[in-house]
Amino acid sequence: MVRKQDIKILTELLDLKDVKVISHRIHDGIGMILQTKSKKAYSTCPRCGTKSHRLHQNHRYIVKDLPFGEKPVFLEINRRQFKCDECKKPFSEKLDFVSQKRTYTKRLADKIIQDVIENDIHSVADKGIVTTEEIERMLKDASEELSDFKPDFIKRLGIDEIALVKGKGNYCAVLIDLDTSKLITLLSGRTQEVVKKTLIEWGTEVLEQIEEVSIDLWVGYKNVVTELMPNAQVVADRFHVMTQINQELDRQRKQEKRNLEELVKKAQSSSEKAEHEKVLAGLKNSKYVRVT
């Protein structure tokens, strides 16, 4: 029997507005499944704005949510269908935490996109929370939602790029508000022209407010910043600087290893030659062996 106290705690931990947990179960090798229910007994018609209490039918399905620690979490939700008293037509209720025809919550999508920005699609998909196809859909949705967004004020801007598929040369640029660590927009490509076009659309008033821009070490991004943001200081992205430092250290380490191996080979060759000459000398001094 499920205790009310457990349900209350799970609802608080879930922390979704107007949603409560009504039961839970754990499946080995899968994770925790929370059955949820809307706290509201009505929904609003998207056509005429009339509130309806007339439940037409239930539509239950399971979506992925943020994990609890290392345990995957799935929500069994009910996107109810109501009958509008005004329009006389059925409609599905809008759920703020999950988009229609999506298999994951909006907050999980936000977290995955942030992980992809810091890594790449392949490595994030390898964690097993979401598939590569789901990540691609998340990125496409984010790109469409943010395509027309123009910030009113930003002081510290980050220009970076993410690998859609690692090792395939398929990249796109992302613009990030460094003060809030929020994604501003996700572009269709990473070329200088694509980034420049988007920044110009922000307007000179916004661009002149920017005081700092963090970029990787590609000169194309630096040229864009110099041209469009006269008051901004260009800062090399720490991740890319450390990457280059580590690459140089690896190069030096490999070179030192090759030098050491060459010295060992020479030493071995000299030792083998000396041993060979010693053996020959011994054979020459032997009265039983004729050496030519």
# chains A, B, ... in the order shown; residues from 1 in each chain; ligands from 1
call {"tool": "residues_around", "arguments": {"residues": "stretch 21-30 of chain A", "least_positions_apart": "5", "cutoff": "7 Å", "atoms": "only C-alpha atoms", "output": "PyMOL selection string"}}
result
chain A and resi 2+7+10-11+35-37
call {"tool": "write_last_selection", "arguments": {"atoms": "C-alpha atoms", "output": "mmCIF file, in the first residue's frame"}}
result
data_model
loop_
_atom_site.group_PDB
_atom_site.id
_atom_site.type_symbol
_atom_site.label_atom_id
_atom_site.label_comp_id
_atom_site.auth_asym_id
_atom_site.auth_seq_id
_atom_site.Cartn_x
_atom_site.Cartn_y
_atom_site.Cartn_z
ATOM 1 C CA VAL A 2 1.341 3.450 -0.930
ATOM 2 C CA ILE A 7 3.299 10.391 -2.225
ATOM 3 C CA LEU A 10 7.584 12.358 -4.217
ATOM 4 C CA THR A 11 5.287 15.156 -5.394
ATOM 5 C CA GLN A 35 2.278 7.908 -12.174
ATOM 6 C CA THR A 36 1.117 11.519 -12.156
ATOM 7 C CA LYS A 37 -2.149 13.403 -12.177
#
call {"tool": "select_by_dssp", "arguments": {"residues": "stretch 15-108 of chain A", "states": "strand (DSSP E)", "output": "JSON, numbers by chain"}}
result
{"A": [19, 20, 21, 22, 23, 24, 25, 26, 27, 31, 32, 33, 34, 35, 36, 37, 38, 43, 44, 51, 52, 55, 56, 57, 60, 61, 62, 63, 64, 65, 66, 67, 68, 71, 72, 73, 74, 75, 76, 77, 78, 81, 82, 83, 90, 91, 92]}
call {"tool": "write_last_selection", "arguments": {"atoms": "C-alpha atoms", "output": "CSV table (one decimal), in the first residue's frame"}}
result
chain,number,residue,atom,x,y,z
A,19,VAL,CA,1.1,18.0,-11.0
A,20,LYS,CA,1.0,15.4,-8.2
A,21,VAL,CA,2.3,11.9,-7.9
A,22,ILE,CA,-0.4,9.2,-7.3
A,23,SER,CA,1.8,6.1,-7.3
A,24,HIS,CA,5.3,4.9,-8.0
A,25,ARG,CA,7.1,1.7,-8.9
A,26,ILE,CA,10.7,0.7,-9.5
A,27,HIS,CA,11.7,-1.7,-12.3
A,31,GLY,CA,14.3,2.9,-13.3
A,32,MET,CA,11.5,4.6,-11.4
A,33,ILE,CA,8.1,5.2,-12.9
A,34,LEU,CA,6.0,7.9,-11.3
A,35,GLN,CA,2.3,7.9,-12.2
A,36,THR,CA,1.1,11.5,-12.2
A,37,LYS,CA,-2.1,13.4,-12.2
A,38,SER,CA,-3.1,17.0,-12.8
A,43,SER,CA,-8.6,22.6,-19.0
A,44,THR,CA,-8.9,25.7,-21.3
A,51,LYS,CA,-12.7,26.5,-19.4
A,52,SER,CA,-14.1,23.0,-19.7
A,55,LEU,CA,-13.7,15.1,-19.6
A,56,HIS,CA,-14.0,13.4,-23.0
A,57,GLN,CA,-11.3,10.7,-22.7
A,60,ARG,CA,-1.9,8.0,-20.9
A,61,TYR,CA,1.7,7.6,-22.0
A,62,ILE,CA,5.2,7.6,-20.5
A,63,VAL,CA,7.9,10.3,-20.9
A,64,LYS,CA,11.4,10.6,-19.6
A,65,ASP,CA,12.3,13.1,-16.9
A,66,LEU,CA,15.4,14.2,-15.0
A,67,PRO,CA,17.0,11.3,-13.1
A,68,PHE,CA,17.0,11.1,-9.3
A,71,LYS,CA,18.3,6.3,-11.2
A,72,PRO,CA,16.4,7.1,-14.4
A,73,VAL,CA,12.9,8.5,-13.9
A,74,PHE,CA,9.9,8.1,-16.1
A,75,LEU,CA,6.5,9.9,-15.8
A,76,GLU,CA,3.3,8.2,-16.6
A,77,ILE,CA,1.2,11.2,-17.6
A,78,ASN,CA,-2.4,11.7,-18.7
A,81,GLN,CA,-9.1,15.3,-23.8
A,82,PHE,CA,-12.0,17.6,-22.9
A,83,LYS,CA,-15.2,18.6,-24.7
A,90,PRO,CA,-12.9,18.0,-28.2
A,91,PHE,CA,-9.4,19.2,-27.5
A,92,SER,CA,-6.3,17.9,-25.7
call {"tool": "select_by_dssp", "arguments": {"residues": "stretch 59-246 of chain A", "states": "helix (DSSP H, G or I)", "output": "ChimeraX atom specification"}}
result
/A:106-118,121-125,132-146,192-202,204-207,219-228,238-246
call {"tool": "write_last_selection", "arguments": {"atoms": "C-alpha atoms", "output": "compact mmCIF listing (two decimals), in the first residue's frame"}}
result
# COMPACT_ATOMS: atom_id res chain seq x y z
CA LYS A 106 11.02 20.18 -21.33
CA ARG A 107 13.40 20.39 -18.41
CA LEU A 108 15.14 17.18 -19.46
CA ALA A 109 15.56 18.66 -22.94
CA ASP A 110 17.11 21.81 -21.44
CA LYS A 111 19.56 19.70 -19.43
CA ILE A 112 20.49 17.53 -22.41
CA ILE A 113 21.09 20.58 -24.63
CA GLN A 114 23.39 22.04 -21.98
CA ASP A 115 25.29 18.73 -21.86
CA VAL A 116 25.59 18.68 -25.65
CA ILE A 117 26.98 22.24 -25.64
CA GLU A 118 29.68 21.09 -23.23
CA ILE A 121 25.65 14.37 -29.17
CA HIS A 122 27.42 11.02 -29.30
CA SER A 123 28.92 11.18 -25.80
CA VAL A 124 25.64 12.42 -24.28
CA ALA A 125 23.64 9.68 -26.02
CA THR A 132 20.63 10.32 -30.62
CA GLU A 133 17.35 10.88 -32.48
CA GLU A 134 15.78 12.47 -29.39
CA ILE A 135 18.77 14.78 -28.95
CA GLU A 136 18.57 15.88 -32.57
CA ARG A 137 14.86 16.62 -32.07
CA MET A 138 15.64 18.63 -28.91
CA LEU A 139 18.20 20.72 -30.79
CA LYS A 140 15.82 21.31 -33.67
CA ASP A 141 13.02 22.39 -31.30
CA ALA A 142 15.40 24.72 -29.45
CA SER A 143 16.61 26.21 -32.73
CA GLU A 144 13.04 26.90 -33.86
CA GLU A 145 11.98 28.35 -30.51
CA LEU A 146 15.01 30.64 -30.27
CA GLN A 192 31.59 33.52 -39.77
CA GLU A 193 28.74 34.60 -42.05
CA VAL A 194 26.07 32.71 -40.06
CA VAL A 195 27.22 34.16 -36.71
CA LYS A 196 27.59 37.66 -38.14
CA LYS A 197 24.08 37.65 -39.65
CA THR A 198 22.50 36.71 -36.31
CA LEU A 199 24.43 39.32 -34.33
CA ILE A 200 23.57 42.09 -36.79
CA GLU A 201 19.87 41.28 -36.26
CA TRP A 202 20.31 42.01 -32.54
CA THR A 204 23.83 48.03 -32.50
CA GLU A 205 22.25 49.05 -29.18
CA VAL A 206 22.56 45.50 -27.82
CA LEU A 207 25.98 44.86 -29.37
CA VAL A 219 40.26 33.97 -35.99
CA GLY A 220 36.86 34.12 -37.78
CA TYR A 221 34.96 34.63 -34.51
CA LYS A 222 37.50 37.21 -33.37
CA ASN A 223 37.02 39.21 -36.57
CA VAL A 224 33.24 39.24 -36.07
CA VAL A 225 33.60 40.50 -32.50
CA THR A 226 36.10 43.19 -33.52
CA GLU A 227 33.82 44.41 -36.30
CA LEU A 228 30.44 44.36 -34.54
CA ARG A 238 39.37 28.40 -21.12
CA PHE A 239 38.23 25.01 -22.41
CA HIS A 240 39.83 25.56 -25.81
CA VAL A 241 43.00 27.02 -24.29
CA MET A 242 43.39 23.99 -22.02
CA THR A 243 42.68 21.72 -24.97
CA GLN A 244 45.51 23.29 -26.95
CA ILE A 245 47.84 23.15 -23.95
CA ASN A 246 47.05 19.48 -23.43
call {"tool": "atom_distance", "arguments": {"atom1": "atom CA of A:Gln209", "atom2": "atom CA of A:Lys182"}}
result
17.7 Å
call {"tool": "residues_around", "arguments": {"residues": "A:Ser147", "least_positions_apart": "5", "cutoff": "8 Å", "atoms": "only C-alpha atoms", "output": "ChimeraX atom specification"}}
result
/A:185-187
call {"tool": "closest_residue", "arguments": {"among": "A:Val264, A:Leu175, A:Ile210, A:Ile159", "to": "A:Ala236", "atoms": "only C-alpha atoms"}}
result
A:Ile159
